[in-house]
>>> print(open('target.tsv').read())   # TSV, C-alpha atoms and all ligand atoms
chain	number	residue	atom	x	y	z
Z	1	MET	CA	25.41	5.67	22.09
Z	2	SER	CA	24.86	2.64	19.93
Z	3	ASN	CA	23.02	2.16	16.69
Z	4	THR	CA	20.07	-0.20	16.64
Z	5	GLN	CA	19.02	-3.02	14.40
Z	6	ALA	CA	15.67	-2.84	12.66
Z	7	PRO	CA	13.29	-5.55	13.99
Z	8	GLY	CA	13.07	-8.52	11.64
Z	9	ALA	CA	15.95	-7.41	9.41
Z	10	SER	CA	19.29	-9.13	9.49
Z	11	PRO	CA	22.38	-8.16	7.56
Z	12	LEU	CA	23.53	-11.72	8.23
Z	13	ALA	CA	20.75	-13.39	6.25
Z	14	GLY	CA	21.70	-14.92	2.91
Z	15	ASP	CA	24.60	-14.19	0.60
Z	16	THR	CA	23.40	-10.86	-0.77
Z	17	PRO	CA	25.39	-8.08	0.90
Z	18	ASP	CA	23.21	-5.83	3.04
Z	19	PHE	CA	24.96	-2.58	3.80
Z	20	ASP	CA	21.80	-0.74	4.84
Z	21	THR	CA	20.62	-2.53	7.95
Z	22	PRO	CA	22.37	-1.12	11.01
Z	23	ILE	CA	24.27	-3.53	13.25
Z	24	ASP	CA	24.48	-2.75	16.94
Z	25	ARG	CA	28.16	-3.09	17.85
Z	26	ALA	CA	27.58	-2.40	21.56
Z	27	GLY	CA	29.07	-5.15	23.70
Z	28	THR	CA	31.60	-6.22	21.06
Z	29	SER	CA	34.52	-4.23	22.54
Z	30	SER	CA	34.63	-2.14	19.38
Z	31	LEU	CA	37.42	0.46	19.55
Z	32	LYS	CA	35.37	2.74	17.34
Z	33	TRP	CA	32.16	2.59	19.40
Z	34	GLU	CA	33.74	2.43	22.86
Z	35	ARG	CA	35.41	5.83	22.51
Z	36	TYR	CA	32.26	7.65	23.64
Z	37	PRO	CA	30.50	5.43	26.20
Z	38	GLY	CA	27.22	6.92	27.41
Z	39	LYS	CA	27.60	9.98	25.17
Z	40	ASP	CA	25.48	10.95	22.20
Z	41	ILE	CA	28.47	11.10	19.85
Z	42	LEU	CA	28.37	9.03	16.66
Z	43	PRO	CA	31.80	7.62	15.75
Z	44	PHE	CA	33.08	8.43	12.26
Z	45	TRP	CA	36.74	8.08	13.13
Z	46	VAL	CA	38.98	4.96	13.11
Z	47	ALA	CA	39.14	3.00	9.83
Z	48	ASP	CA	36.86	0.04	10.32
Z	49	MET	CA	33.44	-0.45	8.81
Z	50	ASP	CA	30.05	-0.88	10.47
Z	51	PHE	CA	29.20	-3.62	7.96
Z	52	ALA	CA	28.86	-7.38	8.39
Z	53	ILE	CA	31.68	-9.31	6.73
Z	54	ALA	CA	31.01	-11.17	3.47
Z	55	ALA	CA	29.02	-14.42	3.68
Z	56	PRO	CA	31.85	-16.62	2.29
Z	57	ILE	CA	34.17	-15.34	5.01
Z	58	ARG	CA	31.58	-15.98	7.73
Z	59	ARG	CA	31.06	-19.50	6.43
Z	60	ALA	CA	34.79	-20.23	6.31
Z	61	LEU	CA	35.20	-19.02	9.89
Z	62	ALA	CA	32.21	-21.04	11.10
Z	63	GLU	CA	33.60	-24.15	9.45
Z	64	ARG	CA	37.01	-23.66	11.05
Z	65	MET	CA	35.33	-23.18	14.43
Z	66	GLU	CA	34.07	-26.76	14.16
Z	67	HIS	CA	37.63	-27.88	14.77
Z	68	PRO	CA	38.38	-27.37	18.46
Z	69	VAL	CA	42.15	-26.77	18.35
Z	70	PHE	CA	43.68	-23.34	17.72
Z	71	GLY	CA	47.42	-23.82	17.89
Z	72	TYR	CA	50.21	-21.87	16.17
Z	73	SER	CA	49.46	-21.69	12.48
Z	74	VAL	CA	51.14	-21.28	9.13
Z	75	ALA	CA	49.85	-20.02	5.81
Z	76	SER	CA	48.43	-22.92	3.81
Z	77	PRO	CA	49.23	-23.50	0.13
Z	78	SER	CA	45.58	-22.72	-0.70
Z	79	LEU	CA	45.87	-19.34	1.06
Z	80	MET	CA	49.05	-18.54	-0.87
Z	81	ASP	CA	47.29	-19.56	-4.03
Z	82	ALA	CA	44.34	-17.24	-3.25
Z	83	VAL	CA	46.68	-14.27	-2.63
Z	84	VAL	CA	48.85	-14.89	-5.70
Z	85	SER	CA	45.80	-15.30	-7.97
Z	86	PHE	CA	44.10	-12.18	-6.59
Z	87	LEU	CA	47.17	-10.01	-7.12
Z	88	ALA	CA	47.60	-11.34	-10.66
Z	89	ARG	CA	43.94	-10.82	-11.52
Z	90	GLU	CA	43.23	-7.50	-9.81
Z	91	HIS	CA	46.62	-5.77	-10.00
Z	92	SER	CA	48.38	-7.55	-12.88
Z	93	TRP	CA	51.19	-8.33	-10.46
Z	94	ASN	CA	52.74	-11.77	-10.64
Z	95	ILE	CA	54.49	-12.60	-7.41
Z	96	ASP	CA	56.40	-15.64	-6.26
Z	97	PRO	CA	54.84	-17.11	-3.07
Z	98	GLU	CA	58.37	-17.23	-1.65
Z	99	TRP	CA	58.40	-13.43	-1.49
Z	100	VAL	CA	55.59	-13.36	1.08
Z	101	VAL	CA	56.21	-12.88	4.81
Z	102	TRP	CA	53.08	-13.05	6.98
Z	103	LEU	CA	52.52	-10.53	9.76
Z	104	PRO	CA	49.76	-9.84	12.30
Z	105	GLY	CA	49.42	-6.26	11.00
Z	106	VAL	CA	50.70	-3.73	8.51
Z	107	VAL	CA	51.88	-1.40	11.28
Z	108	PRO	CA	54.27	-4.06	12.67
Z	109	GLY	CA	55.55	-4.31	9.07
Z	110	LEU	CA	56.44	-0.59	9.14
Z	111	ALA	CA	58.17	-0.99	12.50
Z	112	VAL	CA	60.09	-4.12	11.46
Z	113	SER	CA	61.30	-2.31	8.33
Z	114	THR	CA	62.84	0.55	10.28
Z	115	ARG	CA	64.61	-1.89	12.61
Z	116	ALA	CA	65.81	-4.11	9.78
Z	117	TYR	CA	67.30	-1.47	7.51
Z	118	CYS	CA	68.21	1.57	9.61
Z	119	ASP	CA	71.29	1.83	11.81
Z	120	THR	CA	71.79	4.43	14.49
Z	121	GLY	CA	71.79	7.88	12.90
Z	122	ASP	CA	69.99	6.77	9.74
Z	123	GLU	CA	67.10	8.73	8.29
Z	124	ILE	CA	63.64	7.74	7.11
Z	125	LEU	CA	61.74	9.86	4.61
Z	126	VAL	CA	57.96	10.34	4.97
Z	127	ASN	CA	55.48	12.65	3.24
Z	128	PRO	CA	52.98	14.48	5.49
Z	129	PRO	CA	50.09	14.44	5.88
Z	130	ILE	CA	50.24	10.71	6.48
Z	131	TYR	CA	48.76	7.90	8.55
Z	132	PHE	CA	50.06	8.55	12.06
Z	133	HIS	CA	52.00	5.29	12.48
Z	134	PHE	CA	54.39	6.50	9.79
Z	135	TYR	CA	55.58	8.97	12.42
Z	136	ASP	CA	56.03	6.54	15.30
Z	137	SER	CA	57.17	3.23	13.79
Z	138	HIS	CA	60.90	4.07	14.00
Z	139	GLU	CA	63.11	4.19	17.11
Z	140	SER	CA	63.15	7.88	17.93
Z	141	ASP	CA	66.38	7.68	19.93
Z	142	ARG	CA	68.25	6.04	17.02
Z	143	HIS	CA	66.57	7.15	13.80
Z	144	ARG	CA	65.66	10.53	12.36
Z	145	LEU	CA	62.50	11.25	10.42
Z	146	LEU	CA	62.67	13.53	7.37
Z	147	ARG	CA	59.30	15.07	6.57
Z	148	VAL	CA	58.74	16.32	3.03
Z	149	PRO	CA	55.09	17.36	2.60
Z	150	LEU	CA	53.05	16.18	-0.36
Z	151	MET	CA	52.30	18.90	-2.86
Z	152	SER	CA	48.88	19.75	-4.18
Z	153	ASP	CA	47.63	20.42	-7.72
Z	154	ASP	CA	45.01	23.06	-8.50
Z	155	ASN	CA	42.20	20.63	-7.70
Z	156	GLY	CA	43.65	19.65	-4.35
Z	157	ARG	CA	44.99	16.27	-5.51
Z	158	ARG	CA	48.16	15.43	-3.62
Z	159	SER	CA	51.36	13.88	-4.88
Z	160	TRP	CA	55.03	13.59	-4.09
Z	161	ASP	CA	57.34	16.56	-4.50
Z	162	ILE	CA	60.23	14.59	-5.97
Z	163	ASP	CA	62.62	17.57	-6.14
Z	164	ALA	CA	62.01	18.44	-2.49
Z	165	MET	CA	62.45	14.79	-1.54
Z	166	ARG	CA	65.76	14.64	-3.42
Z	167	ALA	CA	66.92	17.85	-1.72
Z	168	ALA	CA	66.05	16.44	1.72
Z	169	CYS	CA	67.98	13.18	1.26
Z	170	THR	CA	71.45	12.80	2.73
Z	171	PRO	CA	73.86	9.84	2.63
Z	172	LYS	CA	72.17	8.76	5.90
Z	173	THR	CA	68.73	8.46	4.32
Z	174	LYS	CA	67.97	4.75	3.99
Z	175	LEU	CA	64.24	4.26	3.91
Z	176	LEU	CA	61.37	5.86	2.06
Z	177	MET	CA	57.98	5.01	3.56
Z	178	LEU	CA	55.10	5.43	1.12
Z	179	CYS	CA	51.38	5.00	1.53
Z	180	SER	CA	49.70	4.01	-1.76
Z	181	PRO	CA	46.79	4.60	-2.10
Z	182	HIS	CA	47.38	7.36	0.34
Z	183	ASN	CA	45.81	7.76	3.74
Z	184	PRO	CA	44.55	10.40	4.49
Z	185	THR	CA	44.62	12.25	1.13
Z	186	THR	CA	43.28	9.20	-0.82
Z	187	THR	CA	45.56	9.66	-3.85
Z	188	VAL	CA	45.93	6.65	-6.14
Z	189	PHE	CA	49.39	7.27	-7.57
Z	190	ARG	CA	49.73	7.12	-11.34
Z	191	GLU	CA	52.34	5.10	-13.18
Z	192	ASP	CA	54.45	8.18	-13.99
Z	193	GLU	CA	54.43	9.22	-10.32
Z	194	LEU	CA	55.46	5.74	-9.19
Z	195	LYS	CA	58.21	5.62	-11.80
Z	196	ALA	CA	59.52	8.98	-10.61
Z	197	VAL	CA	59.56	7.93	-6.97
Z	198	MET	CA	61.33	4.66	-7.79
Z	199	ALA	CA	63.89	6.54	-9.91
Z	200	LEU	CA	64.57	8.72	-6.87
Z	201	ALA	CA	64.98	5.59	-4.72
Z	202	GLU	CA	67.54	4.26	-7.22
Z	203	GLU	CA	69.36	7.59	-7.42
Z	204	MET	CA	69.51	8.01	-3.63
Z	205	ASP	CA	69.96	4.31	-2.86
Z	206	LEU	CA	66.79	4.04	-0.77
Z	207	LEU	CA	64.74	1.05	0.19
Z	208	VAL	CA	61.03	1.71	-0.37
Z	209	VAL	CA	58.36	0.48	2.04
Z	210	SER	CA	55.03	0.78	0.28
Z	211	ASP	CA	51.96	0.45	2.52
Z	212	GLU	CA	49.21	-0.63	0.11
Z	213	ILE	CA	46.57	-1.64	2.67
Z	214	HIS	CA	43.92	0.46	0.86
Z	215	CYS	CA	44.70	-0.84	-2.65
Z	216	ASP	CA	41.45	-2.76	-3.11
Z	217	LEU	CA	39.31	0.24	-2.21
Z	218	VAL	CA	39.79	2.39	-5.32
Z	219	MET	CA	36.67	4.55	-5.69
Z	220	SER	CA	37.48	6.57	-8.83
Z	221	ASP	CA	38.42	5.49	-12.37
Z	222	ALA	CA	42.07	5.35	-11.32
Z	223	ARG	CA	43.84	2.01	-11.21
Z	224	HIS	CA	46.07	0.94	-8.36
Z	225	ILE	CA	49.55	-0.05	-9.47
Z	226	PRO	CA	51.74	-1.76	-6.87
Z	227	THR	CA	54.91	0.29	-6.44
Z	228	ALA	CA	57.01	-2.83	-7.02
Z	229	ALA	CA	55.18	-3.55	-10.28
Z	230	ALA	CA	55.58	-0.03	-11.66
Z	231	VAL	CA	59.29	-0.57	-12.24
Z	232	PRO	CA	59.92	-4.33	-12.12
Z	233	GLU	CA	63.69	-3.92	-12.52
Z	234	LEU	CA	63.74	-1.96	-9.23
Z	235	ALA	CA	61.46	-4.34	-7.32
Z	236	HIS	CA	64.49	-5.49	-5.30
Z	237	ARG	CA	64.27	-2.09	-3.56
Z	238	THR	CA	60.71	-2.63	-2.35
Z	239	ILE	CA	58.79	-4.04	0.55
Z	240	THR	CA	55.05	-4.01	-0.13
Z	241	LEU	CA	52.66	-4.26	2.80
Z	242	MET	CA	49.16	-5.52	2.13
Z	243	SER	CA	46.19	-7.01	3.94
Z	244	ALA	CA	42.57	-8.01	3.37
Z	245	SER	CA	41.75	-6.20	6.61
Z	246	LYS	CA	40.53	-2.79	5.38
Z	247	THR	CA	38.68	-4.03	2.32
Z	248	TRP	CA	36.84	-6.93	3.96
Z	249	ASN	CA	36.53	-5.43	7.44
Z	250	LEU	CA	38.79	-7.92	9.19
Z	251	ALA	CA	41.02	-5.49	11.09
Z	252	GLY	CA	40.45	-7.17	14.45
Z	253	LEU	CA	41.57	-10.57	13.18
Z	254	ASN	CA	45.18	-9.59	12.46
Z	255	ALA	CA	46.52	-10.94	9.17
Z	256	SER	CA	48.74	-8.96	6.82
Z	257	PHE	CA	51.72	-9.70	4.66
Z	258	ALA	CA	54.89	-8.20	3.29
Z	259	ILE	CA	55.95	-8.96	-0.28
Z	260	ILE	CA	59.74	-8.77	-0.51
Z	261	PRO	CA	61.20	-9.92	-3.85
Z	262	ASP	CA	64.89	-9.60	-2.90
Z	263	PRO	CA	66.10	-12.61	-0.84
Z	264	GLU	CA	68.61	-10.62	1.20
Z	265	VAL	CA	66.18	-7.84	2.02
Z	266	ARG	CA	63.62	-10.50	2.96
Z	267	GLN	CA	66.10	-12.30	5.17
Z	268	ARG	CA	66.86	-9.12	7.12
Z	269	PHE	CA	63.15	-8.43	7.53
Z	270	VAL	CA	62.46	-11.94	8.82
Z	271	HIS	CA	65.40	-11.71	11.21
Z	272	ALA	CA	64.28	-8.32	12.57
Z	273	LYS	CA	60.79	-9.56	13.35
Z	274	GLN	CA	61.91	-12.66	15.24
Z	275	SER	CA	60.94	-12.77	18.93
Z	276	ILE	CA	59.12	-9.44	18.62
Z	277	VAL	CA	56.23	-9.97	16.25
Z	278	PRO	CA	53.74	-12.76	17.00
Z	279	GLY	CA	52.41	-15.16	14.39
Z	280	VAL	CA	49.14	-14.78	12.54
Z	281	PRO	CA	46.11	-16.28	14.34
Z	282	PRO	CA	44.51	-19.30	12.62
Z	283	LEU	CA	41.12	-17.63	12.17
Z	284	ALA	CA	42.81	-14.67	10.52
Z	285	TYR	CA	44.42	-16.92	7.92
Z	286	VAL	CA	41.06	-18.57	7.22
Z	287	ALA	CA	39.25	-15.24	6.81
Z	288	THR	CA	41.99	-13.85	4.56
Z	289	GLU	CA	41.87	-16.85	2.26
Z	290	ALA	CA	38.08	-16.65	1.91
Z	291	ALA	CA	38.30	-12.89	1.25
Z	292	TYR	CA	40.81	-13.17	-1.59
Z	293	ARG	CA	39.30	-16.31	-3.08
Z	294	ASP	CA	35.55	-15.69	-2.74
Z	295	GLY	CA	35.14	-12.09	-1.61
Z	296	ASN	CA	35.31	-10.13	-4.85
Z	297	PRO	CA	31.54	-9.86	-5.52
Z	298	TRP	CA	31.08	-8.47	-2.00
Z	299	ARG	CA	33.97	-6.04	-2.53
Z	300	LEU	CA	32.46	-4.71	-5.74
Z	301	ALA	CA	29.06	-4.29	-4.07
Z	302	LEU	CA	30.78	-2.51	-1.19
Z	303	LEU	CA	32.50	-0.06	-3.55
Z	304	ASP	CA	29.14	0.75	-5.17
Z	305	TYR	CA	27.56	1.40	-1.81
Z	306	LEU	CA	30.48	3.54	-0.68
Z	307	ARG	CA	30.22	5.63	-3.86
Z	308	GLY	CA	26.59	6.31	-2.95
Z	309	ASN	CA	27.70	7.40	0.51
Z	310	LEU	CA	30.35	9.64	-0.97
Z	311	ALA	CA	27.76	11.33	-3.19
Z	312	ARG	CA	25.75	12.07	-0.05
Z	313	ILE	CA	28.77	13.65	1.63
Z	314	LYS	CA	29.40	15.81	-1.45
Z	315	GLU	CA	25.80	17.02	-1.46
Z	316	VAL	CA	25.99	18.10	2.15
Z	317	VAL	CA	29.53	19.47	2.26
Z	318	ASP	CA	29.17	21.46	-0.99
Z	319	GLU	CA	26.49	23.52	0.78
Z	320	LEU	CA	28.64	24.27	3.81
Z	321	PRO	CA	30.84	27.34	3.93
Z	322	GLY	CA	34.27	26.72	5.44
Z	323	LEU	CA	34.35	22.97	4.75
Z	324	GLU	CA	35.73	21.46	1.52
Z	325	LEU	CA	35.74	17.82	0.50
Z	326	GLN	CA	39.13	16.97	-1.04
Z	327	PRO	CA	39.20	14.84	-4.22
Z	328	LEU	CA	38.59	11.23	-3.22
Z	329	GLU	CA	40.26	8.52	-5.30
Z	330	ALA	CA	40.37	5.63	-2.82
Z	331	THR	CA	39.40	4.53	0.71
Z	332	TYR	CA	36.20	5.16	2.68
Z	333	LEU	CA	37.85	8.06	4.48
Z	334	ALA	CA	36.81	11.54	3.37
Z	335	TRP	CA	39.51	14.19	3.88
Z	336	LEU	CA	37.87	17.54	4.54
Z	337	ASP	CA	39.58	20.90	4.54
Z	338	ALA	CA	38.11	22.65	7.58
Z	339	ARG	CA	40.56	25.55	7.69
Z	340	GLY	CA	37.78	27.91	6.63
Z	341	LEU	CA	35.98	27.22	9.91
Z	342	GLY	CA	38.87	28.62	11.94
Z	343	LEU	CA	38.52	26.04	14.72
Z	344	GLU	CA	41.05	25.85	17.53
Z	345	ASP	CA	40.15	22.29	18.46
Z	346	ALA	CA	38.25	20.63	15.62
Z	347	ARG	CA	37.86	17.33	17.44
Z	348	ALA	CA	36.25	18.89	20.52
Z	349	HIS	CA	34.14	21.20	18.37
Z	350	PHE	CA	32.61	18.38	16.31
Z	351	GLU	CA	32.24	16.11	19.34
Z	352	ALA	CA	30.17	18.87	20.91
Z	353	ALA	CA	27.99	18.65	17.79
Z	354	GLY	CA	27.66	14.86	18.32
Z	355	ILE	CA	30.11	13.51	15.74
Z	356	GLY	CA	33.50	11.90	16.40
Z	357	LEU	CA	36.09	12.56	13.66
Z	358	ASN	CA	39.83	12.18	13.23
Z	359	THR	CA	41.60	15.50	12.99
Z	360	GLY	CA	44.37	16.73	10.73
Z	361	GLU	CA	46.80	17.07	13.66
Z	362	GLU	CA	46.93	13.28	13.92
Z	363	PHE	CA	48.19	13.10	10.34
Z	364	GLY	CA	50.48	16.10	10.54
Z	365	GLU	CA	48.18	18.60	8.80
Z	366	PRO	CA	46.15	20.77	11.19
Z	367	GLY	CA	42.96	22.32	9.90
Z	368	TYR	CA	41.61	19.14	8.26
Z	369	VAL	CA	39.22	16.48	9.53
Z	370	ARG	CA	38.75	12.89	8.35
Z	371	LEU	CA	35.34	11.25	8.16
Z	372	ASN	CA	34.92	7.47	7.86
Z	373	PHE	CA	31.84	6.87	5.71
Z	374	ALA	CA	31.79	3.05	5.76
Z	375	CYS	CA	28.45	2.74	7.53
Z	376	PRO	CA	24.77	2.32	6.65
Z	377	ARG	CA	23.45	5.32	4.76
Z	378	ALA	CA	20.90	6.23	7.41
Z	379	GLN	CA	23.69	6.37	9.96
Z	380	LEU	CA	25.79	8.50	7.63
Z	381	ASP	CA	22.85	10.87	7.19
Z	382	ARG	CA	22.57	11.30	10.96
Z	383	GLY	CA	26.29	12.00	11.12
Z	384	LEU	CA	26.10	14.50	8.27
Z	385	GLU	CA	23.32	16.37	10.06
Z	386	ARG	CA	25.67	16.75	13.01
Z	387	LEU	CA	28.56	17.72	10.75
Z	388	ARG	CA	26.37	20.41	9.23
Z	389	ALA	CA	25.29	21.66	12.68
Z	390	GLY	CA	28.93	21.77	13.80
Z	391	ALA	CA	30.09	23.59	10.69
Z	392	LEU	CA	27.29	26.15	10.86
Z	393	ARG	CA	27.94	26.76	14.56
Z	394	ALA	CA	31.57	27.57	13.76
Z	395	GLY	CA	30.84	29.76	10.78
Z	401	LIG	C1	47.78	3.32	5.71
Z	401	LIG	C2	47.45	2.36	6.84
Z	401	LIG	N1	48.35	1.45	7.20
Z	401	LIG	C3	48.12	0.58	8.20
Z	401	LIG	C4	46.91	0.59	8.87
Z	401	LIG	C5	46.65	-0.37	9.99
Z	401	LIG	O1	47.23	-1.59	9.73
Z	401	LIG	P1	47.14	-2.81	10.72
Z	401	LIG	O2	45.87	-2.70	11.50
Z	401	LIG	O3	47.17	-4.00	9.83
Z	401	LIG	O4	48.37	-2.75	11.58
Z	401	LIG	C6	45.93	1.54	8.53
Z	401	LIG	C7	44.67	1.60	9.26
Z	401	LIG	O5	43.87	2.47	9.09
Z	401	LIG	C8	46.22	2.44	7.48
Z	401	LIG	O6	45.31	3.35	7.08
>>> encode(input="target.tsv", output="structure tokens")
Amino acid sequence: MSNTQAPGASPLAGDTPDFDTPIDRAGTSSLKWERYPGKDILPFWVADMDFAIAAPIRRALAERMEHPVFGYSVASPSLMDAVVSFLAREHSWNIDPEWVVWLPGVVPGLAVSTRAYCDTGDEILVNPPIYFHFYDSHESDRHRLLRVPLMSDDNGRRSWDIDAMRAACTPKTKLLMLCSPHNPTTTVFREDELKAVMALAEEMDLLVVSDEIHCDLVMSDARHIPTAAAVPELAHRTITLMSASKTWNLAGLNASFAIIPDPEVRQRFVHAKQSIVPGVPPLAYVATEAAYRDGNPWRLALLDYLRGNLARIKEVVDELPGLELQPLEATYLAWLDARGLGLEDARAHFEAAGIGLNTGEEFGEPGYVRLNFACPRAQLDRGLERLRAGALRAG
């Protein structure tokens, strides 16, 4: 099943972002749309968006395509400048370009971290529910994963249980892997929470890997604070992973970066990635530079549009017994408590209703489903109809 483009309309025309006109992604080898070939199931799962990229990024890519050679590439000074300026402006974080290590993905950054800093028998602390690659980026025959679930306040907002984390740590615990803002619960951690988690890292002598891939998609009034910036005197304990990929819909291009202030920690990271992790493709560098330098108006328009989509989800889900939208602070991924529906296999159940979702099992919290709402509103409405039908059928 593919979506169709309205005749005469083009989301590629002009510089004004057009999030409404559907784009047919059939024939583009889209992971999201190829999951259900020939089936009437609309995909609301994996985290990419059904939107055209920003005009300045398209132009930069087109310009680069005029040059016919695509050899191994390095980050240009102008790219570094765009990243450094963006972080200073948007997150009040002043970094030294020397701290940056480029990667073809954030997930390889998680995997490199476990290999760089954990010996055989060492432990890595993670907080379920969490993005599934936090569970599989270590070497399972050498490393042990400690799982300390996030706790929930009365409104369902999740945060770290620092006491439980402290109790779980042993002298073998070396790495704490955080996701901030958090996927799938969407929490944007406050300064006091970040300070507490960094104090724990100091007390327990942990290195903190902070995956901040969703940091430019804050939907509420909260403000993202990079973990390393929350306690500058402990920044030597941090590896921050970032990318333009989620925010500007560039996931298939493969450019991300680690920010590692401590030279020795950085050196170990660089050494661990040698011969395993490929370089960043030239077009990915170009797109990333255009995103950080010229993509902010598009990003702000995107956030507005996504807030409208979120309001739509609230309207529908509030009427449905057995399904509860969890507080959403960041990302375009709605985390829904579906425990009230009593489903044995939520994925199969909603697929039968014509909607493809991620399920809580994937994130280590059965009973929940995750809905990606980064799509044209008409498409979202069709999906929500199917969500409603699925929920009512279960109830
Ligand atoms: C928290 C988090 N980290 C990493 C990734 C993927 O990163 P990459 O595609 O750069 O490896 C995702 C994708 O959804 C994510 O949500």
>>> residues_near_point(input="target.tsv", point="(48.3, 10.4, 7.3)", cutoff="8 Å", atoms="all atoms listed in the file", output="PyMOL selection string")
chain Z and resi 128-132+134+182-185+362-364
>>> write_last_selection(input="target.tsv", atoms="C-alpha atoms", output="short mmCIF file (atom, residue, chain, number, x, y, z; two decimals), keeping the file's coordinate frame")
data_model
loop_
_atom_site.label_atom_id
_atom_site.label_comp_id
_atom_site.auth_asym_id
_atom_site.auth_seq_id
_atom_site.Cartn_x
_atom_site.Cartn_y
_atom_site.Cartn_z
CA PRO Z 128 52.98 14.48 5.49
CA PRO Z 129 50.09 14.44 5.88
CA ILE Z 130 50.24 10.71 6.48
CA TYR Z 131 48.76 7.90 8.55
CA PHE Z 132 50.06 8.55 12.06
CA PHE Z 134 54.39 6.50 9.79
CA HIS Z 182 47.38 7.36 0.34
CA ASN Z 183 45.81 7.76 3.74
CA PRO Z 184 44.55 10.40 4.49
CA THR Z 185 44.62 12.25 1.13
CA GLU Z 362 46.93 13.28 13.92
CA PHE Z 363 48.19 13.10 10.34
CA GLY Z 364 50.48 16.10 10.54
#
>>> atom_distance(input="target.tsv", atom1="CA of Ala229 (chain Z)", atom2="CA of Cys215 (chain Z)")
13.2 Å
>>> atom_distance(input="target.tsv", atom1="CA of Phe189 (chain Z)", atom2="CA of Ile225 (chain Z)")
7.6 Å
>>> closest_atom_pairs(input="target.tsv", of="region 299-354 of chain Z", to="region 377-390 of chain Z", cutoff="7 Å", atoms="only C-alpha atoms", output="Markdown table")
| residue | atom | partner | partner_atom | distance |
| --- | --- | --- | --- | --- |
| Z:Asn309 | CA | Z:Arg377 | CA | 6.4 |
| Z:His349 | CA | Z:Gly390 | CA | 7.0 |
| Z:Phe350 | CA | Z:Gly390 | CA | 5.6 |
| Z:Ala353 | CA | Z:Gly390 | CA | 5.2 |
| Z:Gly354 | CA | Z:Arg386 | CA | 6.0 |
>>> write_last_selection(input="target.tsv", atoms="C-alpha atoms", output="PDB file, keeping the file's coordinate frame")
ATOM      1  CA  ASN Z 309      27.700   7.400   0.510  1.00  0.00           C
ATOM      2  CA  HIS Z 349      34.140  21.200  18.370  1.00  0.00           C
ATOM      3  CA  PHE Z 350      32.610  18.380  16.310  1.00  0.00           C
ATOM      4  CA  ALA Z 353      27.990  18.650  17.790  1.00  0.00           C
ATOM      5  CA  GLY Z 354      27.660  14.860  18.320  1.00  0.00           C
TER       6      GLY Z 354
END
>>> closest_residue(input="target.tsv", among="Z:Val126, Z:Ala199, Z:Leu146, Z:Ile23", to="Glu233 (chain Z)", atoms="only C-alpha atoms")
Z:Ala199
>>> closest_residue(input="target.tsv", among="Z:Leu325, Z:Val188, Z:Leu302, Z:Leu250", to="ligand LIG 401 (chain Z)", atoms="only C-alpha atoms and all ligand atoms")
Z:Leu250
>>> closest_atom_pairs(input="target.tsv", of="chain Z", to="ligand LIG 401 (chain Z)", cutoff="8 Å", atoms="all atoms listed in the file", output="Markdown table")
| residue | atom | partner | partner_atom | distance |
| --- | --- | --- | --- | --- |
| Z:Val46 | CA | Z:LIG401 | O5 | 6.8 |
| Z:Ala47 | CA | Z:LIG401 | O5 | 4.8 |
| Z:Asp48 | CA | Z:LIG401 | O5 | 7.5 |
| Z:Pro104 | CA | Z:LIG401 | O3 | 6.8 |
| Z:Gly105 | CA | Z:LIG401 | O3 | 3.4 |
| Z:Val106 | CA | Z:LIG401 | O3 | 3.8 |
| Z:Val107 | CA | Z:LIG401 | O4 | 3.8 |
| Z:Pro108 | CA | Z:LIG401 | O4 | 6.1 |
| Z:Gly109 | CA | Z:LIG401 | O4 | 7.8 |
| Z:Ile130 | CA | Z:LIG401 | C1 | 7.8 |
| Z:Tyr131 | CA | Z:LIG401 | C1 | 5.5 |
| Z:His133 | CA | Z:LIG401 | C3 | 7.5 |
| Z:Cys179 | CA | Z:LIG401 | C1 | 5.8 |
| Z:Ser180 | CA | Z:LIG401 | C1 | 7.7 |
| Z:Pro181 | CA | Z:LIG401 | C1 | 8.0 |
| Z:His182 | CA | Z:LIG401 | C1 | 6.7 |
| Z:Asn183 | CA | Z:LIG401 | C1 | 5.2 |
| Z:Pro184 | CA | Z:LIG401 | O6 | 7.5 |
| Z:Asp211 | CA | Z:LIG401 | C1 | 6.0 |
| Z:Glu212 | CA | Z:LIG401 | C1 | 7.0 |
| Z:Ile213 | CA | Z:LIG401 | N1 | 5.8 |
| Z:His214 | CA | Z:LIG401 | C1 | 6.8 |
| Z:Ser243 | CA | Z:LIG401 | O3 | 6.7 |
| Z:Ser245 | CA | Z:LIG401 | O3 | 6.7 |
| Z:Lys246 | CA | Z:LIG401 | C7 | 7.2 |
| Z:Ala251 | CA | Z:LIG401 | O2 | 5.6 |
| Z:Gly252 | CA | Z:LIG401 | O2 | 7.6 |
| Z:Asn254 | CA | Z:LIG401 | O3 | 6.5 |
| Z:Ala255 | CA | Z:LIG401 | O3 | 7.0 |
| Z:Ser256 | CA | Z:LIG401 | O3 | 6.0 |
>>> atom_distance(input="target.tsv", atom1="CA of Arg312 (chain Z)", atom2="CA of Pro376 (chain Z)")
11.9 Å
>>> residues_around(input="target.tsv", residues="Cys169 (chain Z)", least_positions_apart="6", cutoff="9 Å", atoms="only C-alpha atoms", output="VMD selection string")
chain Z and resid 123 125 146 204
>>> write_last_selection(input="target.tsv", atoms="C-alpha atoms", output="mmCIF file, in the frame of the given file")
data_model
loop_
_atom_site.group_PDB
_atom_site.id
_atom_site.type_symbol
_atom_site.label_atom_id
_atom_site.label_comp_id
_atom_site.auth_asym_id
_atom_site.auth_seq_id
_atom_site.Cartn_x
_atom_site.Cartn_y
_atom_site.Cartn_z
ATOM 1 C CA GLU Z 123 67.100 8.730 8.290
ATOM 2 C CA LEU Z 125 61.740 9.860 4.610
ATOM 3 C CA LEU Z 146 62.670 13.530 7.370
ATOM 4 C CA MET Z 204 69.510 8.010 -3.630
#
